[in-house]
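Novice: Please find run30.cif (mmCIF, C-alpha atoms and all ligand atoms) on the next line:
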data_input
loop_
_atom_site.label_atom_id
_atom_site.label_comp_id
_atom_site.auth_asym_id
_atom_site.auth_seq_id
_atom_site.Cartn_x
_atom_site.Cartn_y
_atom_site.Cartn_z
CA MET A 1 134.40 94.07 104.50
CA GLY A 2 133.53 90.43 103.77
CA VAL A 3 134.75 88.43 100.79
CA THR A 4 133.49 89.82 97.51
CA TRP A 5 133.56 88.76 93.88
CA LEU A 6 133.35 92.38 92.75
CA LYS A 7 136.21 94.61 91.60
CA PRO A 8 136.53 98.40 91.55
CA VAL A 9 135.71 100.19 88.27
CA ASP A 10 136.82 103.74 87.49
CA VAL A 11 135.27 106.41 85.30
CA GLY A 12 136.83 109.60 83.90
CA ARG A 13 138.24 112.02 86.45
CA ASP A 14 136.18 114.96 85.20
CA ALA A 15 132.99 112.93 85.44
CA GLN A 16 133.90 111.68 88.92
CA SER A 17 134.48 115.19 90.18
CA ALA A 18 131.22 116.48 88.68
CA TYR A 19 129.34 113.56 90.26
CA GLY A 20 131.00 114.25 93.63
CA GLU A 21 129.95 117.89 93.47
CA PHE A 22 126.38 116.95 92.56
CA LEU A 23 126.18 114.49 95.47
CA ARG A 24 127.59 116.93 98.02
CA ASP A 25 125.16 119.59 96.87
CA LEU A 26 122.21 117.17 97.03
CA GLU A 27 123.19 116.04 100.54
CA ALA A 28 123.61 119.62 101.77
CA ARG A 29 120.24 120.69 100.36
CA LEU A 30 118.49 117.71 101.92
CA ALA A 31 120.14 118.38 105.29
CA ASP A 32 118.94 122.00 105.26
CA PRO A 33 115.56 122.17 107.07
CA GLY A 34 114.66 125.21 104.94
CA THR A 35 114.74 123.17 101.70
CA ASP A 36 111.44 122.62 99.94
CA ARG A 37 111.85 119.00 98.82
CA PHE A 38 109.27 119.40 96.05
CA VAL A 39 111.24 122.29 94.56
CA LEU A 40 114.54 120.45 94.98
CA ALA A 41 113.21 117.32 93.24
CA ARG A 42 111.72 119.21 90.27
CA GLU A 43 114.93 121.24 89.83
CA VAL A 44 117.16 118.15 89.80
CA LEU A 45 114.81 116.38 87.39
CA ALA A 46 114.56 119.37 85.03
CA GLU A 47 118.37 119.44 84.78
CA ALA A 48 118.81 115.66 84.51
CA MET A 49 116.00 115.10 82.01
CA TYR A 50 115.89 118.32 79.99
CA GLY A 51 119.21 120.05 80.76
CA ARG A 52 117.66 123.32 81.94
CA PRO A 53 116.19 125.03 84.99
CA TYR A 54 112.63 124.16 85.98
CA ALA A 55 111.33 127.72 85.34
CA ALA A 56 112.67 127.69 81.76
CA LEU A 57 111.16 124.27 81.13
CA LEU A 58 107.80 125.38 82.56
CA ALA A 59 107.71 128.33 80.14
CA ASP A 60 108.50 126.19 77.05
CA ALA A 61 107.03 122.80 77.83
CA PRO A 62 104.49 123.03 80.68
CA LEU A 63 103.28 119.43 80.40
CA ALA A 64 106.81 118.10 80.79
CA ALA A 65 107.55 120.50 83.65
CA LEU A 66 104.33 120.03 85.62
CA ASN A 67 104.88 116.27 85.80
CA LEU A 68 108.28 116.77 87.41
CA ASP A 69 106.70 118.44 90.44
CA ALA A 70 105.49 115.73 92.84
CA ARG A 71 102.66 118.03 93.96
CA ASN A 72 101.09 117.41 90.53
CA VAL A 73 101.33 113.63 90.52
CA THR A 74 99.86 110.76 92.51
CA PHE A 75 101.31 107.47 93.67
CA GLU A 76 99.30 104.26 94.01
CA ALA A 77 100.08 104.26 97.75
CA GLU A 78 98.23 107.59 98.16
CA TYR A 79 94.98 105.79 97.41
CA TYR A 80 95.54 103.27 100.22
CA MET A 81 93.75 103.89 103.52
CA ALA A 82 96.79 102.41 105.26
CA THR A 83 99.15 105.12 104.00
CA ASP A 84 100.03 107.80 106.56
CA THR A 85 99.35 111.03 104.68
CA GLU A 86 101.84 113.09 106.65
CA LEU A 87 104.71 110.61 106.50
CA PHE A 88 104.08 109.98 102.82
CA GLY A 89 103.95 113.72 102.10
CA ARG A 90 107.48 114.08 103.45
CA VAL A 91 108.98 111.28 101.34
CA LYS A 92 106.86 111.73 98.22
CA PRO A 93 109.09 114.23 96.38
CA LEU A 94 112.15 112.08 97.11
CA LEU A 95 110.45 108.93 95.86
CA TRP A 96 109.45 110.85 92.72
CA LEU A 97 113.05 111.98 92.28
CA TRP A 98 114.32 108.39 92.74
CA LYS A 99 111.82 106.86 90.29
CA ASN A 100 112.38 109.45 87.59
CA LEU A 101 116.16 109.58 87.88
CA ASP A 102 115.99 105.84 87.14
CA LEU A 103 114.53 106.77 83.73
CA THR A 104 117.58 108.89 82.92
CA PRO A 105 121.30 108.20 82.32
CA VAL A 106 121.96 109.50 85.87
CA GLY A 107 119.95 106.63 87.34
CA GLN A 108 121.06 104.01 84.83
CA ASN A 109 124.72 104.78 85.60
CA PRO A 110 125.53 102.80 88.77
CA VAL A 111 128.61 104.85 89.64
CA LEU A 112 126.32 107.83 90.18
CA GLY A 113 122.92 106.19 90.68
CA ILE A 114 123.93 104.02 93.65
CA PRO A 115 125.35 106.89 95.77
CA VAL A 116 122.36 109.09 94.86
CA ARG A 117 119.98 106.37 96.11
CA ARG A 118 122.06 106.02 99.28
CA VAL A 119 121.54 109.74 99.99
CA LEU A 120 117.81 109.50 99.23
CA ALA A 121 117.32 106.29 101.27
CA GLU A 122 118.66 108.06 104.35
CA ARG A 123 115.82 110.59 104.03
CA ILE A 124 113.09 108.14 102.98
CA PHE A 125 113.56 104.89 104.94
CA ARG A 126 112.79 104.48 108.62
CA ARG A 127 116.36 103.24 108.97
CA VAL A 128 119.25 102.45 106.66
CA GLY A 129 122.72 101.20 107.59
CA ARG A 130 126.17 101.49 105.99
CA ASN A 131 126.88 100.84 102.29
CA PHE A 132 123.32 100.34 101.09
CA LYS A 133 123.67 99.32 97.47
CA CYS A 134 120.55 99.67 95.37
CA TRP A 135 120.70 99.15 91.60
CA GLN A 136 118.25 100.69 89.13
CA ASN A 137 114.48 100.34 88.73
CA VAL A 138 113.52 99.37 92.27
CA GLU A 139 110.04 100.36 93.47
CA PHE A 140 108.70 100.91 96.96
CA SER A 141 105.10 101.38 98.10
CA VAL A 142 105.69 104.09 100.69
CA GLY A 143 109.43 103.89 101.42
CA TYR A 144 109.01 105.14 105.00
CA ASN A 145 108.34 101.58 106.26
CA MET A 146 111.69 100.20 105.07
CA GLU A 147 114.21 99.15 107.75
CA VAL A 148 117.57 98.27 106.24
CA GLY A 149 120.75 97.09 107.96
CA ASP A 150 124.40 97.36 106.91
CA ASP A 151 125.77 96.15 103.55
CA VAL A 152 122.39 95.27 102.09
CA VAL A 153 122.15 94.88 98.29
CA VAL A 154 119.01 95.25 96.19
CA HIS A 155 119.38 94.39 92.50
CA ARG A 156 117.47 95.58 89.40
CA HIS A 157 113.70 95.58 88.89
CA VAL A 158 112.70 94.69 92.45
CA LEU A 159 109.35 95.55 94.07
CA LEU A 160 109.55 96.22 97.81
CA ASP A 161 105.94 96.66 98.91
CA ASP A 162 106.67 98.14 102.33
CA ILE A 163 103.16 99.33 103.24
CA GLY A 164 103.10 96.80 106.13
CA GLY A 165 106.85 97.08 106.83
CA ILE A 166 109.89 95.31 105.41
CA GLU A 167 113.08 94.54 107.36
CA LEU A 168 116.24 93.73 105.40
CA HIS A 169 118.92 92.73 107.92
CA ASP A 170 122.71 93.12 107.54
CA ASN A 171 124.19 91.61 104.37
CA ALA A 172 120.82 90.51 102.98
CA SER A 173 120.67 90.32 99.20
CA ILE A 174 117.61 90.76 97.02
CA SER A 175 118.17 89.58 93.43
CA ASP A 176 116.82 90.88 90.13
CA TYR A 177 113.05 90.80 89.55
CA VAL A 178 112.17 89.81 93.11
CA ASN A 179 108.87 90.89 94.70
CA VAL A 180 108.56 91.25 98.46
CA TYR A 181 105.09 91.99 99.84
CA SER A 182 103.82 93.14 103.23
CA HIS A 183 100.07 93.33 102.63
CA THR A 184 97.46 90.78 101.68
CA HIS A 185 93.79 90.85 100.61
CA SER A 186 90.95 88.65 101.82
CA VAL A 187 89.77 86.07 99.29
CA LEU A 188 86.10 87.07 99.68
CA ASP A 189 86.43 90.85 100.14
CA GLY A 190 89.19 92.63 98.24
CA PRO A 191 88.95 95.75 100.47
CA ASP A 192 89.67 93.63 103.59
CA VAL A 193 93.43 94.18 103.77
CA THR A 194 95.86 92.83 106.37
CA LEU A 195 99.29 94.37 106.88
CA ARG A 196 102.07 91.95 107.85
CA ARG A 197 105.69 92.83 108.44
CA THR A 198 108.03 90.80 106.23
CA VAL A 199 111.51 90.02 107.51
CA ILE A 200 114.63 89.02 105.57
CA GLY A 201 117.38 87.92 107.97
CA ARG A 202 121.11 88.54 108.03
CA GLY A 203 122.97 87.29 104.98
CA ALA A 204 119.77 85.78 103.57
CA ARG A 205 119.46 85.67 99.78
CA ILE A 206 116.18 86.08 97.93
CA THR A 207 117.18 84.93 94.46
CA TYR A 208 116.09 85.91 90.95
CA HIS A 209 112.41 86.15 90.08
CA SER A 210 111.19 84.82 93.42
CA THR A 211 108.29 86.24 95.43
CA VAL A 212 107.96 86.62 99.20
CA LEU A 213 104.40 86.98 100.50
CA ALA A 214 103.44 89.20 103.45
CA GLY A 215 104.47 88.10 106.94
CA SER A 216 107.19 85.67 105.87
CA VAL A 217 110.28 85.45 108.05
CA VAL A 218 113.42 84.39 106.21
CA SER A 219 116.01 83.45 108.84
CA ASP A 220 119.69 84.38 108.88
CA ASP A 221 121.73 82.73 106.12
CA ALA A 222 118.61 81.22 104.49
CA MET A 223 117.95 81.22 100.76
CA LEU A 224 114.89 81.37 98.54
CA ALA A 225 115.50 79.53 95.26
CA THR A 226 114.94 81.19 91.93
CA HIS A 227 111.26 81.46 90.89
CA ALA A 228 110.03 80.24 94.28
CA LEU A 229 106.90 81.58 95.99
CA LEU A 230 107.39 81.93 99.74
CA ARG A 231 104.25 82.08 101.85
CA SER A 232 105.66 81.11 105.24
CA ASP A 233 109.13 81.04 106.83
CA ILE A 234 112.58 79.61 106.13
CA PRO A 235 114.61 78.33 109.13
CA PRO A 236 118.27 79.35 109.54
CA HIS A 237 120.52 78.08 106.68
CA GLY A 238 117.46 76.59 104.95
CA ILE A 239 116.96 76.63 101.17
CA ALA A 240 113.30 76.87 100.18
CA MET A 241 112.24 75.98 96.64
CA GLY A 242 109.18 75.74 94.44
CA VAL A 243 105.61 77.02 94.28
CA PRO A 244 104.65 77.14 97.11
CA ALA A 245 108.18 77.11 98.52
CA ARG A 246 109.24 74.39 100.93
CA THR A 247 112.53 74.09 102.75
CA THR A 248 113.99 70.91 101.25
CA ARG A 249 117.72 71.54 101.73
CA PHE A 250 120.09 73.15 104.20
CA LYS A 251 123.43 74.79 103.61
CA VAL A 252 126.32 72.77 104.98
CA ARG A 253 127.51 75.39 107.45
CA GLU A 254 129.30 75.57 110.82
CA PRO A 255 126.97 76.79 113.62
CA GLN A 256 126.68 80.59 113.74
CA GLU A 257 125.27 83.15 116.09
CA LEU A 258 121.71 83.83 114.90
CA ARG A 259 119.67 86.98 115.18
CA VAL A 260 116.71 86.27 112.92
CA ASP A 261 115.55 82.71 113.57
CA SER A 262 112.00 82.09 112.32
CA ARG A 263 111.46 79.43 115.02
CA SER A 264 111.76 81.98 117.84
CA PHE A 265 111.35 85.33 116.07
CA VAL A 266 108.94 87.69 117.82
CA ARG A 267 106.64 88.94 115.06
CA ALA A 268 104.93 92.30 114.93
CA PRO A 269 101.17 91.69 115.26
CA ASP A 270 99.14 91.82 112.03
CA ARG A 271 97.35 95.10 111.43
CA LYS A 272 94.06 95.60 109.62
CA ALA A 273 94.19 98.38 107.03
CA ASN A 274 90.47 99.05 106.59
CA PRO A 275 88.28 100.02 109.60
CA GLU A 276 85.31 98.34 107.89
CA PHE A 277 87.08 95.00 108.42
CA PRO A 278 88.60 95.31 111.91
CA GLU A 279 88.69 91.59 112.78
CA PRO A 280 91.36 89.09 111.72
CA THR A 281 90.34 87.54 108.40
CA PRO A 282 89.30 83.89 108.94
CA ASN A 283 90.08 81.10 106.50
CA GLN A 284 87.79 81.66 103.50
CA THR A 285 88.61 78.73 101.23
CA ARG A 286 87.91 74.99 101.16
CA VAL A 287 89.47 72.19 99.21
CA ALA A 288 87.80 71.51 95.83
CA SER A 289 86.09 68.13 95.50
CA GLU A 290 86.81 65.65 92.70
CA GLU A 291 83.57 66.70 90.88
CA GLU A 292 84.51 70.36 91.12
CA GLY A 293 87.70 69.79 89.23
CA ALA A 294 90.41 68.91 91.73
CA GLY A 295 93.14 67.19 89.78
CA ARG A 296 90.91 66.97 86.67
CA ARG A 297 92.13 68.04 83.29
CA VAL A 298 89.64 70.42 81.69
CA VAL A 299 88.84 69.42 78.09
CA THR A 300 87.84 72.47 76.10
CA GLY A 301 86.67 70.75 72.91
CA GLU A 302 87.87 68.60 70.06
CA ARG A 303 90.50 69.71 67.62
C1 LIG B 401 118.28 76.58 95.07
C2 LIG B 401 119.66 76.43 94.45
C3 LIG B 401 120.65 77.19 95.28
C4 LIG B 401 119.98 74.95 94.47
O1 LIG B 401 121.35 74.75 94.34
P1 LIG B 401 122.00 73.23 94.42
O2 LIG B 401 121.88 72.69 95.78
O3 LIG B 401 123.33 73.33 93.78
O4 LIG B 401 120.97 72.51 93.48
P2 LIG B 401 120.94 71.22 92.62
O5 LIG B 401 121.02 71.64 91.19
O6 LIG B 401 121.89 70.17 93.13
O7 LIG B 401 119.42 70.75 92.91
C5 LIG B 401 119.02 70.18 94.12
C6 LIG B 401 117.54 69.90 94.07
O8 LIG B 401 116.83 71.13 94.12
C7 LIG B 401 115.98 71.29 92.98
N1 LIG B 401 116.00 72.72 92.62
C8 LIG B 401 117.10 73.48 92.38
N2 LIG B 401 116.74 74.76 92.14
C9 LIG B 401 115.39 74.81 92.20
C10 LIG B 401 114.45 75.83 92.03
N3 LIG B 401 114.83 77.07 91.77
N4 LIG B 401 113.16 75.55 92.18
C11 LIG B 401 112.75 74.27 92.47
N5 LIG B 401 113.61 73.23 92.66
C12 LIG B 401 114.91 73.51 92.50
C13 LIG B 401 116.61 70.41 91.93
O9 LIG B 401 115.66 70.03 90.94
C14 LIG B 401 117.08 69.24 92.77
O10 LIG B 401 115.95 68.43 93.09
P3 LIG B 401 116.08 66.85 93.36
O11 LIG B 401 116.91 66.72 94.60
O12 LIG B 401 114.65 66.41 93.56
O13 LIG B 401 116.73 66.30 92.15
C15 LIG B 401 119.71 76.99 93.02
O14 LIG B 401 119.07 76.16 92.10
C16 LIG B 401 119.10 78.37 92.88
O15 LIG B 401 117.89 78.60 92.82
N6 LIG B 401 119.96 79.36 92.83
C17 LIG B 401 119.57 80.72 92.70
C18 LIG B 401 120.56 81.51 91.94
C19 LIG B 401 121.46 82.28 92.84
O16 LIG B 401 122.37 81.74 93.44
N7 LIG B 401 121.26 83.55 92.96
C20 LIG B 401 122.06 84.36 93.84
C21 LIG B 401 121.73 85.75 93.62
S1 LIG B 401 122.24 86.72 95.00
#
Let's see the structure in the file written out as structure tokens.
Ligand SMILES: CC(C)(COP(=O)(O)OP(=O)(O)OC[C@H]1O[C@@H](n2cnc3c(N)ncnc32)[C@H](O)[C@@H]1OP(=O)(O)O)[C@@H](O)C(=O)NCCC(=O)NCCS

Specialist:
Amino acid sequence: MGVTWLKPVDVGRDAQSAYGEFLRDLEARLADPGTDRFVLAREVLAEAMYGRPYAALLADAPLAALNLDARNVTFEAEYYMATDTELFGRVKPLLWLWKNLDLTPVGQNPVLGIPVRRVLAERIFRRVGRNFKCWQNVEFSVGYNMEVGDDVVVHRHVLLDDIGGIELHDNASISDYVNVYSHTHSVLDGPDVTLRRTVIGRGARITYHSTVLAGSVVSDDAMLATHALLRSDIPPHGIAMGVPARTTRFKVREPQELRVDSRSFVRAPDRKANPEFPEPTPNQTRVASEEEGAGRRVVTGER
């Protein structure tokens, strides 16, 4: 364990034992290959949201019940050509469980919500290491393209668009209201989509309200300042700031062994998501001239 500024917090013993039982049961049911994940998810949600079994809810309140069963709902990612139908079908009920538990006291209560998400992440992500700590209201695109190391923290209200793949290396931290993308659209043709793996290195911090665009590589121990928009890379120990973000400072740090170093990192090749646009998208913009408004203040009329 590294240095932390956090302290342990206890809840009532009865609650703790009920939560422990719930978690063990959830883990056991997920580990059983005979479990129908759609049924499991709707049962847990019926109890957490309405305090009764799914069948009873279906009889009394069919609209409420039907929407708890992931077979009756769609996700935005299901409309993407790039989504693997089979892989998504396996994680879909678990993503539905995750999202909807976040709307309930179970999900809003970190002492229960964080361990529940740890159990679900193990069955959704491509890989997840020790002590994954995910707070409430985090969204994924497909979930199955997430690769997460040890001791990674993701804070509240984060969007992890993993359709093109996201790597979060050991000890990385993603702050509140961050958006991390791994796909991009052509300027001229919206349906021309490129998938780019986005990489956040070891101990890197993506701080509050910042955005990381697809294909960025944030090196080990680097930092993205609050509200920044990253569209390229950050070298090791670098601090990138502004819109668009530029690395203008470095942490004062003794040399360290580096694993993710944007200067030498071997990137996964870009992938095209739509067979109608198989070629790499060329540059499709030019600089505006003075007459066209570059640097000109637009006057909209007299007051
Ligand atoms: C980037 C950051 C670390 C800078 O810290 P610092 O080195 O102590 O910063 P200073 O206040 O001395 O500012 C240094 C320069 O960076 C600029 N700057 C600081 N934060 C900035 C930001 N978010 N966006 C743009 N510029 C910023 C300052 O204006 C200053 O510019 P100047 O040299 O032209 O005057 C900090 O502002 C920040 O964004 N922190 C994020 C919050 C955080 O720690 N979250 C952790 C969650 S896990």

Novice: Can you list, as a short mmCIF file (atom, residue, chain, number, x, y, z; two decimals) with C-alpha atoms, in the frame of the given file, every protein, DNA or RNA residue that comes within 12 Å of Trp96 of chain A when you count only C-alpha atoms, leaving out same-chain residues fewer than 4 positions away?

Specialist:
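Heads up, here's the output in result_3.cif:
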data_model
loop_
_atom_site.label_atom_id
_atom_site.label_comp_id
_atom_site.auth_asym_id
_atom_site.auth_seq_id
_atom_site.Cartn_x
_atom_site.Cartn_y
_atom_site.Cartn_z
CA ARG A 37 111.85 119.00 98.82
CA PHE A 38 109.27 119.40 96.05
CA VAL A 39 111.24 122.29 94.56
CA LEU A 40 114.54 120.45 94.98
CA ALA A 41 113.21 117.32 93.24
CA ARG A 42 111.72 119.21 90.27
CA VAL A 44 117.16 118.15 89.80
CA LEU A 45 114.81 116.38 87.39
CA ASN A 67 104.88 116.27 85.80
CA LEU A 68 108.28 116.77 87.41
CA ASP A 69 106.70 118.44 90.44
CA ALA A 70 105.49 115.73 92.84
CA ARG A 71 102.66 118.03 93.96
CA ASN A 72 101.09 117.41 90.53
CA VAL A 73 101.33 113.63 90.52
CA THR A 74 99.86 110.76 92.51
CA PHE A 75 101.31 107.47 93.67
CA PHE A 88 104.08 109.98 102.82
CA GLY A 89 103.95 113.72 102.10
CA ARG A 90 107.48 114.08 103.45
CA VAL A 91 108.98 111.28 101.34
CA LYS A 92 106.86 111.73 98.22
CA ASN A 100 112.38 109.45 87.59
CA LEU A 101 116.16 109.58 87.88
CA ASP A 102 115.99 105.84 87.14
CA LEU A 103 114.53 106.77 83.73
CA ARG A 117 119.98 106.37 96.11
CA LEU A 120 117.81 109.50 99.23
CA ILE A 124 113.09 108.14 102.98
CA GLU A 139 110.04 100.36 93.47
CA PHE A 140 108.70 100.91 96.96
CA SER A 141 105.10 101.38 98.10
CA VAL A 142 105.69 104.09 100.69
CA GLY A 143 109.43 103.89 101.42
#

Novice: Neighbours of ligand LIG 401 (chain B) within 7 Å, counting only C-alpha atoms and all ligand atoms, as a list in words?

Specialist: Ser173, Ile174, Ser175, Arg205, Ile206, Thr207, Tyr208, Leu224, Ala225, Thr226, His227, Ala228, Ile239, Met241 and Gly242 of chain A

Novice: Would you list the contacts of Pro191 of chain A as a list in words, taking every protein, DNA or RNA residue within 12 Å and counting all atoms listed in the file, but skipping same-chain residues closer than 6 positions in sequence?

Specialist: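 Skipping anything fewer than 6 positions along the chain leaves Tyr80, Met81, Ala82, His183, Thr184, His185, Lys272, Ala273, Asn274, Pro275, Glu276, Phe277, Pro278 and Thr281 of chain A.
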
Novice: Using only C-alpha atoms, which residue out of A:Ala288, A:Ala204, A:Leu112, A:Val199 lies closest to Phe265 of chain A?

Specialist: A:Val199

Novice: Closest to Asp162 of chain A among A:Ala56, A:Ile200, A:Met146, A:Ala65, using all atoms listed in the file?

Specialist: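 Closest residue, counting all atoms listed in the file: A:Met146.
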
Novice: Quick one, how far is atom CA of Asp25 of chain A from atom CA of Arg52 of chain A?

Specialist: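 Distance reported for this atom pair: 17.1 Å.
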
Novice: Taking into account only C-alpha atoms, which residue in the set A:Ser264, A:Ser219, A:Ser232, A:Thr211 is nearest to Arg196 of chain A?

Specialist: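 Under the stated criterion, the closest residue is A:Ser232.
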
Novice: Name the residues within 10 Å of (128.5, 91.6, 97.4), counting only C-alpha atoms in the file's coordinates, and put them as a count of residues only.

Specialist: 13

Novice: What's the separation between atom CA of Arg126 of chain A and atom CA of Gly190 of chain A, in Å to one decimal place?

Specialist: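 These atoms are spaced 28.4 Å apart.
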
Novice: Identify which of the residues A:Leu94, A:Glu76, A:Val116, A:Glu122 lies closest to Asp161 of chain A, counting only C-alpha atoms when measuring atom-to-atom distances.

Specialist: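 When distances to Asp161 of chain A are compared using only C-alpha atoms, the smallest one comes from A:Glu76.
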
Novice: May I ask which of the residues A:Cys134, A:Val119, A:Leu66, A:Leu160 is the closest one to Ala31 of chain A, counting only C-alpha atoms?

Specialist: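 Going through A:Cys134, A:Val119, A:Leu66, A:Leu160 one by one, the smallest distance to Ala31 of chain A is for A:Val119.
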
Novice: When you count all atoms listed in the file, which of these residues is closest to Ile163 of chain A: A:Leu63, A:Val128, A:Ala214, A:Val11?

Specialist: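 Closest to Ile163 of chain A of all the choices is A:Ala214.
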
Novice: Just how far from atom CA of Leu26 of chain A is atom CA of Pro105 of chain A, in Å to one decimal?

Specialist: 17.3 Å

Novice: For Glu257 of chain A, work out the shell of residues within 12 Å, counting all atoms listed in the file and skipping chain neighbours fewer than 6 positions away, then give it as a PyMOL selection string.

Specialist: chain A and resi 202+219-221+236-237

Novice: How about saving the chosen residues, C-alpha atoms kept, as a PDB file, in the frame of the given file?

Specialist:
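Written output follows (out28.pdb):
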ATOM      1  CA  ARG A 202     121.110  88.540 108.030  1.00  0.00           C
ATOM      2  CA  SER A 219     116.010  83.450 108.840  1.00  0.00           C
ATOM      3  CA  ASP A 220     119.690  84.380 108.880  1.00  0.00           C
ATOM      4  CA  ASP A 221     121.730  82.730 106.120  1.00  0.00           C
ATOM      5  CA  PRO A 236     118.270  79.350 109.540  1.00  0.00           C
ATOM      6  CA  HIS A 237     120.520  78.080 106.680  1.00  0.00           C
TER       7      HIS A 237
END
